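Inspection log for the structure reproduced underneath, given as structure tokens.
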Amino acid sequence: MNAVISVGKKVLTVVALTAFTLAVLIPLLWMVLTSFKSGPEIFASPWGLPGKIHWENFSHAWQTAGIAHFFLNSLIVTVATLAFLIPIGAMAAYVFARYPFPGSKLLFGTFLGGMMFPQFLTIVPLFFLMNTLKIGAYSLYDTKLGLTIVYIAYSLPFTVFVLTGFFQTLPKDLDEAAMIDGASHSKVFWRVMLPLAKPGLIVVGIFNGIGLWNEYSLALVLIPSEANRTLPLGIANLVMVEHYQSDWGALFAGLVIVMVPVLIVYWVFREKIHETMLAGALKG
């Protein structure tokens with residue numbers, strides 16, 4: 001009886017995982033195939049293979065529709081945010097994990113509260129705040145710098161939360177041994193603990209990077225001009241433009257262009273992600 005139950009559980013697990021995989025892969029493959037079709041072919045044969053590869057869909061989306069410009073803006077904002085976010089988050093998380101102080105639990109709880117605070121409640125105050133803040137005579141509103149600062153603030157709670165747990169799992173003997181050898185607190189962090197936290201930093205960077213790459217609502221409010229639009233805003237604009245021009249092939253090509261960097265990053269770091277997730281599960 002137990003053997004039958006065990007086999008039944010395995011079968012149900014395989015069926016569930018297979019259904020989930022198909023639910024993800026089928027729309028993905030359909031979108032890629034559709035990006036190579038012409039507009040009339042998409043409606044005439046939506047599930048068929050493309051009769052002819054229309055590479056011009058990608059060139060039209062990249063150049064004519066301005067995806068290249070929006071792509072560059074998103075790349076600048078995302079890389080700049082991660083460049084400041086990860087060191088700041090790692091330093092804060094290391095202090096929470098290794099140097100408890102009066103009020104540290106309350107402060108850490110404040111960071112956790114930032115993860116649960118609804119974003120839509122802060123959009124209007126953020127609009128007025130960024131419109132007021134200035135560097136010299138220049139307002140931070142409608143600038144990539146202003147958007148980067150907001151992204152850092154919004155991504156910091158998740159980063160601190162994850163890295164604090166990761167630093168807590170590292171053995172304290174390592175930093176104590178380094179201090180006995182004469183290393184200062186800062187050297188222990190930068191030369192010993194931070195390299196050991198590399199798997200956690202990679203995972204935090206990937207998850208934050210994907211979220212920033214796809215972020216729409218904050219950018220919509222804080223970036224009204226076309227010159228500073230990020231990729232999600234550019235795709236939304238492309239949807240409206242191509243809808244009236246009936247150039248659906250270029251629209252799907254633009255969606256593929258957005259999706260490819262995320263897939264590449266995940267494919268390159270997939271082993272690190274799996275190792276870190278498994279390590280966290282085993283330690284938990």
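Residues in the structure tokens are numbered from 1 in each chain, the chains being A, B, ... in the order shown, and ligands are numbered from 1 in the order shown.
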Find the residues near Ala227 in chain A: any atom within 12 Å, counting only C-alpha atoms, skip ones fewer than 3 places away on the same chain, and give them as JSON, numbers by chain.
-> {"A": [66, 67, 68, 69, 70, 71, 72, 73, 74, 142, 143, 144, 223, 224, 230, 231, 233, 234]}
Selection from above, N, CA and C atoms, as an mmCIF file, in the first residue's frame, can you write it?
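This is the output file part-v4.cif:
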```
data_model
loop_
_atom_site.group_PDB
_atom_site.id
_atom_site.type_symbol
_atom_site.label_atom_id
_atom_site.label_comp_id
_atom_site.auth_asym_id
_atom_site.auth_seq_id
_atom_site.Cartn_x
_atom_site.Cartn_y
_atom_site.Cartn_z
ATOM 1 N N GLY A 66 12.620 52.715 -31.729
ATOM 2 C CA GLY A 66 13.394 53.299 -30.640
ATOM 3 C C GLY A 66 13.710 52.382 -29.486
ATOM 4 N N ILE A 67 13.586 51.064 -29.683
ATOM 5 C CA ILE A 67 13.876 50.125 -28.604
ATOM 6 C C ILE A 67 15.344 50.218 -28.185
ATOM 7 N N ALA A 68 16.234 50.516 -29.133
ATOM 8 C CA ALA A 68 17.665 50.617 -28.805
ATOM 9 C C ALA A 68 17.909 51.705 -27.761
ATOM 10 N N HIS A 69 17.249 52.830 -27.925
ATOM 11 C CA HIS A 69 17.416 53.947 -26.985
ATOM 12 C C HIS A 69 16.859 53.582 -25.609
ATOM 13 N N PHE A 70 15.671 52.987 -25.580
ATOM 14 C CA PHE A 70 15.068 52.591 -24.308
ATOM 15 C C PHE A 70 15.887 51.483 -23.642
ATOM 16 N N PHE A 71 16.424 50.585 -24.451
ATOM 17 C CA PHE A 71 17.264 49.500 -23.947
ATOM 18 C C PHE A 71 18.483 50.078 -23.231
ATOM 19 N N LEU A 72 19.121 51.070 -23.842
ATOM 20 C CA LEU A 72 20.302 51.693 -23.242
ATOM 21 C C LEU A 72 19.946 52.398 -21.938
ATOM 22 N N ASN A 73 18.811 53.092 -21.920
ATOM 23 C CA ASN A 73 18.382 53.765 -20.684
ATOM 24 C C ASN A 73 18.169 52.764 -19.556
ATOM 25 N N SER A 74 17.499 51.654 -19.848
ATOM 26 C CA SER A 74 17.271 50.630 -18.822
ATOM 27 C C SER A 74 18.583 50.017 -18.354
ATOM 28 N N ASP A 142 12.415 63.391 -13.678
ATOM 29 C CA ASP A 142 12.622 63.123 -15.102
ATOM 30 C C ASP A 142 14.111 63.020 -15.453
ATOM 31 N N THR A 143 14.871 62.356 -14.562
ATOM 32 C CA THR A 143 16.278 62.089 -14.835
ATOM 33 C C THR A 143 16.591 60.636 -14.489
ATOM 34 N N LYS A 144 17.589 60.090 -15.161
ATOM 35 C CA LYS A 144 18.002 58.720 -14.846
ATOM 36 C C LYS A 144 18.623 58.645 -13.459
ATOM 37 N N ILE A 223 9.374 59.441 -14.987
ATOM 38 C CA ILE A 223 10.057 59.684 -16.267
ATOM 39 C C ILE A 223 9.018 59.995 -17.342
ATOM 40 N N PRO A 224 8.592 61.240 -17.470
ATOM 41 C CA PRO A 224 7.588 61.567 -18.496
ATOM 42 C C PRO A 224 8.176 61.766 -19.895
ATOM 43 N N THR A 230 12.562 54.206 -19.880
ATOM 44 C CA THR A 230 13.181 52.885 -19.774
ATOM 45 C C THR A 230 12.459 51.902 -20.691
ATOM 46 N N LEU A 231 12.965 50.695 -20.740
ATOM 47 C CA LEU A 231 12.456 49.706 -21.693
ATOM 48 C C LEU A 231 10.982 49.347 -21.478
ATOM 49 N N LEU A 233 8.580 51.215 -20.389
ATOM 50 C CA LEU A 233 7.810 52.327 -20.931
ATOM 51 C C LEU A 233 7.878 52.348 -22.452
ATOM 52 N N GLY A 234 9.054 52.015 -23.002
ATOM 53 C CA GLY A 234 9.189 51.959 -24.455
ATOM 54 C C GLY A 234 8.327 50.875 -25.072
#
```
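Counting only C-alpha atoms and comparing A:Met130, A:Leu112, A:Ile257, A:Leu238, the residue that lies closest to Phe158 in chain A is A:Leu112.
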Exercise: Gly39 in chain A partners within 6 Å, only C-alpha atoms, chain neighbours under 5 positions left out, as a ChimeraX atom specification | /A:247-249
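Here the DSSP assignment of strand (DSSP E), based on backbone atoms, applies within range 11-177 of chain A to Lys134, Ile135, Tyr138 and Ser139 of chain A.
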Which residues, written as a PyMOL selection string, have at least one atom at most 10 Å from Phe36 in chain A, with only C-alpha atoms counted and residues fewer than 2 positions away on the same chain left out?
-> chain A and resi 31-34+38-39+41-42+49-58+249-250+252-253
Output N, CA and C atoms for every residue in that selection, as an mmCIF file, in the first residue's frame.
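The resulting file, again.cif, is reproduced below:
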```cif
data_model
loop_
_atom_site.group_PDB
_atom_site.id
_atom_site.type_symbol
_atom_site.label_atom_id
_atom_site.label_comp_id
_atom_site.auth_asym_id
_atom_site.auth_seq_id
_atom_site.Cartn_x
_atom_site.Cartn_y
_atom_site.Cartn_z
ATOM 1 N N MET A 31 5.640 33.200 -28.639
ATOM 2 C CA MET A 31 6.039 34.595 -28.810
ATOM 3 C C MET A 31 7.275 34.703 -29.710
ATOM 4 N N VAL A 32 8.241 33.810 -29.520
ATOM 5 C CA VAL A 32 9.454 33.838 -30.354
ATOM 6 C C VAL A 32 9.111 33.556 -31.805
ATOM 7 N N LEU A 33 8.300 32.526 -32.064
ATOM 8 C CA LEU A 33 7.916 32.198 -33.435
ATOM 9 C C LEU A 33 7.125 33.335 -34.075
ATOM 10 N N THR A 34 6.226 33.951 -33.304
ATOM 11 C CA THR A 34 5.406 35.024 -33.843
ATOM 12 C C THR A 34 6.245 36.243 -34.214
ATOM 13 N N SER A 38 5.030 37.960 -40.422
ATOM 14 C CA SER A 38 4.448 39.235 -40.838
ATOM 15 C C SER A 38 3.087 39.404 -40.170
ATOM 16 N N GLY A 39 2.546 40.631 -40.194
ATOM 17 C CA GLY A 39 1.255 40.888 -39.566
ATOM 18 C C GLY A 39 0.139 40.017 -40.101
ATOM 19 N N GLU A 41 0.305 37.165 -41.584
ATOM 20 C CA GLU A 41 0.561 35.756 -41.285
ATOM 21 C C GLU A 41 0.221 35.421 -39.842
ATOM 22 N N ILE A 42 0.382 36.381 -38.945
ATOM 23 C CA ILE A 42 0.064 36.143 -37.537
ATOM 24 C C ILE A 42 -1.419 35.834 -37.378
ATOM 25 N N LEU A 49 4.126 27.543 -38.049
ATOM 26 C CA LEU A 49 5.497 28.015 -38.181
ATOM 27 C C LEU A 49 5.546 29.151 -39.200
ATOM 28 N N PRO A 50 6.468 30.076 -39.052
ATOM 29 C CA PRO A 50 6.559 31.169 -40.033
ATOM 30 C C PRO A 50 6.954 30.653 -41.408
ATOM 31 N N GLY A 51 6.208 31.082 -42.436
ATOM 32 C CA GLY A 51 6.533 30.655 -43.792
ATOM 33 C C GLY A 51 7.836 31.263 -44.275
ATOM 34 N N LYS A 52 8.132 32.457 -43.790
ATOM 35 C CA LYS A 52 9.370 33.156 -44.129
ATOM 36 C C LYS A 52 9.840 33.902 -42.890
ATOM 37 N N ILE A 53 11.159 33.869 -42.659
ATOM 38 C CA ILE A 53 11.722 34.557 -41.498
ATOM 39 C C ILE A 53 11.811 36.051 -41.788
ATOM 40 N N HIS A 54 11.075 36.843 -41.023
ATOM 41 C CA HIS A 54 11.061 38.290 -41.217
ATOM 42 C C HIS A 54 12.003 38.942 -40.190
ATOM 43 N N TRP A 55 13.284 38.986 -40.550
ATOM 44 C CA TRP A 55 14.265 39.607 -39.662
ATOM 45 C C TRP A 55 14.033 41.112 -39.533
ATOM 46 N N GLU A 56 13.338 41.677 -40.504
ATOM 47 C CA GLU A 56 13.112 43.121 -40.458
ATOM 48 C C GLU A 56 12.239 43.536 -39.270
ATOM 49 N N ASN A 57 11.505 42.567 -38.690
ATOM 50 C CA ASN A 57 10.727 42.895 -37.494
ATOM 51 C C ASN A 57 11.642 43.390 -36.369
ATOM 52 N N PHE A 58 12.786 42.726 -36.215
ATOM 53 C CA PHE A 58 13.714 43.099 -35.149
ATOM 54 C C PHE A 58 14.408 44.424 -35.457
ATOM 55 N N GLY A 249 4.293 41.996 -35.897
ATOM 56 C CA GLY A 249 5.579 41.299 -35.887
ATOM 57 C C GLY A 249 6.646 42.092 -35.158
ATOM 58 N N ALA A 250 6.682 43.416 -35.385
ATOM 59 C CA ALA A 250 7.654 44.268 -34.705
ATOM 60 C C ALA A 250 7.372 44.329 -33.206
ATOM 61 N N PHE A 252 6.041 41.893 -31.311
ATOM 62 C CA PHE A 252 6.532 40.660 -30.692
ATOM 63 C C PHE A 252 8.060 40.610 -30.717
ATOM 64 N N ALA A 253 8.671 41.170 -31.743
ATOM 65 C CA ALA A 253 10.126 41.249 -31.782
ATOM 66 C C ALA A 253 10.652 42.100 -30.632
#
```
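The smallest atom-to-atom distance between Ile123 in chain A and any of A:Val260, A:Leu220, A:Ala83, A:Ile152, using only C-alpha atoms, is found for A:Leu220.
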Enumerate, as a ChimeraX atom specification, the complete set of residues in range 67-266 of chain A that a backbone-based DSSP assignment places in alpha helix (DSSP H).
-> /A:67-98,104-116,123-132,144-169,172-180,185-187,194-196,198-214,217-222,231-245,248-266
Contacts between range 165-180 of chain A and range 95-132 of chain A, please, where a residue of range 95-132 of chain A counts if it comes within 10 Å (with only C-alpha atoms); show its shortest atom pair and distance in Å to one decimal, rows by chain and ascending number, as a Markdown table.
```
| residue | atom | partner | partner_atom | distance |
| --- | --- | --- | --- | --- |
| A:Val95 | CA | A:Phe167 | CA | 9.4 |
| A:Phe96 | CA | A:Gln168 | CA | 8.9 |
| A:Ala97 | CA | A:Gln168 | CA | 5.4 |
| A:Arg98 | CA | A:Gln168 | CA | 7.3 |
```
List the spatial neighbours of range 132-137 of chain A as a short mmCIF file (atom, residue, chain, number, x, y, z; two decimals) with all heavy atoms, in the first residue's frame - criterion: any atom at most 12 Å away, only C-alpha atoms, same-chain residues fewer than 6 positions off excluded.
```cif
data_model
loop_
_atom_site.label_atom_id
_atom_site.label_comp_id
_atom_site.auth_asym_id
_atom_site.auth_seq_id
_atom_site.Cartn_x
_atom_site.Cartn_y
_atom_site.Cartn_z
N PRO A 125 3.53 61.01 -3.26
CA PRO A 125 4.56 61.73 -2.50
C PRO A 125 5.93 61.71 -3.19
O PRO A 125 6.67 62.69 -3.14
CB PRO A 125 4.61 60.97 -1.16
CG PRO A 125 3.27 60.34 -1.04
CD PRO A 125 2.87 59.99 -2.44
N LEU A 126 6.25 60.58 -3.83
CA LEU A 126 7.52 60.49 -4.55
C LEU A 126 7.58 61.50 -5.69
O LEU A 126 8.63 62.10 -5.95
CB LEU A 126 7.72 59.08 -5.10
CG LEU A 126 8.64 58.15 -4.31
CD1 LEU A 126 8.69 56.78 -4.97
CD2 LEU A 126 10.02 58.73 -4.17
N THR A 143 14.87 62.36 -14.56
CA THR A 143 16.28 62.09 -14.84
C THR A 143 16.59 60.64 -14.49
O THR A 143 15.95 60.04 -13.62
CB THR A 143 17.21 63.00 -14.01
OG1 THR A 143 17.01 62.74 -12.61
CG2 THR A 143 16.93 64.47 -14.30
N LEU A 145 19.29 59.73 -13.03
CA LEU A 145 19.87 59.76 -11.68
C LEU A 145 18.77 59.68 -10.62
O LEU A 145 18.88 58.93 -9.65
CB LEU A 145 20.70 61.03 -11.50
CG LEU A 145 21.26 61.28 -10.10
CD1 LEU A 145 22.17 60.13 -9.68
CD2 LEU A 145 21.99 62.61 -10.04
N GLY A 146 17.72 60.46 -10.80
CA GLY A 146 16.62 60.44 -9.84
C GLY A 146 15.96 59.08 -9.77
O GLY A 146 15.65 58.57 -8.68
N ILE A 149 18.18 56.64 -7.83
CA ILE A 149 18.10 56.83 -6.38
C ILE A 149 16.83 56.19 -5.82
O ILE A 149 16.86 55.52 -4.78
CB ILE A 149 18.14 58.34 -6.05
CG1 ILE A 149 19.51 58.92 -6.41
CG2 ILE A 149 17.85 58.57 -4.57
CD1 ILE A 149 19.59 60.43 -6.27
N VAL A 150 15.71 56.37 -6.51
CA VAL A 150 14.46 55.76 -6.06
C VAL A 150 14.55 54.23 -6.11
O VAL A 150 14.10 53.54 -5.18
CB VAL A 150 13.29 56.26 -6.93
CG1 VAL A 150 12.01 55.49 -6.62
CG2 VAL A 150 13.06 57.75 -6.71
#
```
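Atom pair CA of Tyr141 in chain A / CA of Val204 in chain A has a distance of 27.4 Å (rounded to one decimal).
CA of Ile210 in chain A lies 16.5 Å from CA of Met115 in chain A.
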Determine, using only C-alpha atoms, which residues of range 131-221 of chain A have any atom at most 10 Å from an atom of range 263-267 of chain A, and tabulate each with its shortest atom pair and distance in Å to one decimal place, rows ordered by chain and then rising number, as a tab-separated table.
```
residue	atom	partner	partner_atom	distance
A:Val203	CA	A:Tyr266	CA	9.9
A:Ile206	CA	A:Val265	CA	7.5
A:Phe207	CA	A:Tyr266	CA	9.6
A:Gly209	CA	A:Val265	CA	9.5
A:Ile210	CA	A:Val265	CA	9.1
```
Generate the output file for the selected residues, N, CA and C atoms, as an mmCIF file, in the first residue's frame.
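Below is the file that was written, result_34.cif:
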```
data_model
loop_
_atom_site.group_PDB
_atom_site.id
_atom_site.type_symbol
_atom_site.label_atom_id
_atom_site.label_comp_id
_atom_site.auth_asym_id
_atom_site.auth_seq_id
_atom_site.Cartn_x
_atom_site.Cartn_y
_atom_site.Cartn_z
ATOM 1 N N VAL A 203 22.880 36.132 -6.275
ATOM 2 C CA VAL A 203 21.434 35.883 -6.285
ATOM 3 C C VAL A 203 20.660 37.183 -6.059
ATOM 4 N N ILE A 206 20.845 39.276 -9.207
ATOM 5 C CA ILE A 206 20.004 38.776 -10.298
ATOM 6 C C ILE A 206 18.535 39.102 -10.052
ATOM 7 N N PHE A 207 18.047 38.813 -8.851
ATOM 8 C CA PHE A 207 16.631 39.069 -8.558
ATOM 9 C C PHE A 207 16.315 40.562 -8.611
ATOM 10 N N GLY A 209 18.064 42.779 -10.303
ATOM 11 C CA GLY A 209 18.243 43.200 -11.686
ATOM 12 C C GLY A 209 17.027 42.895 -12.544
ATOM 13 N N ILE A 210 16.455 41.711 -12.365
ATOM 14 C CA ILE A 210 15.263 41.348 -13.131
ATOM 15 C C ILE A 210 14.093 42.258 -12.757
#
```
Measure the distance from CA of Pro40 in chain A to CA of Leu22 in chain A in Å and round it to one decimal.
-> 27.0 Å
Near range 84-86 of chain A, counting only C-alpha atoms, which residues have an atom at most 12 Å away, once you skip same-chain residues fewer than 6 positions from it, shown as a PyMOL selection string?
-> chain A and resi 77-78+92-94+145+148-160+162-163+194+197-198+200-209+212
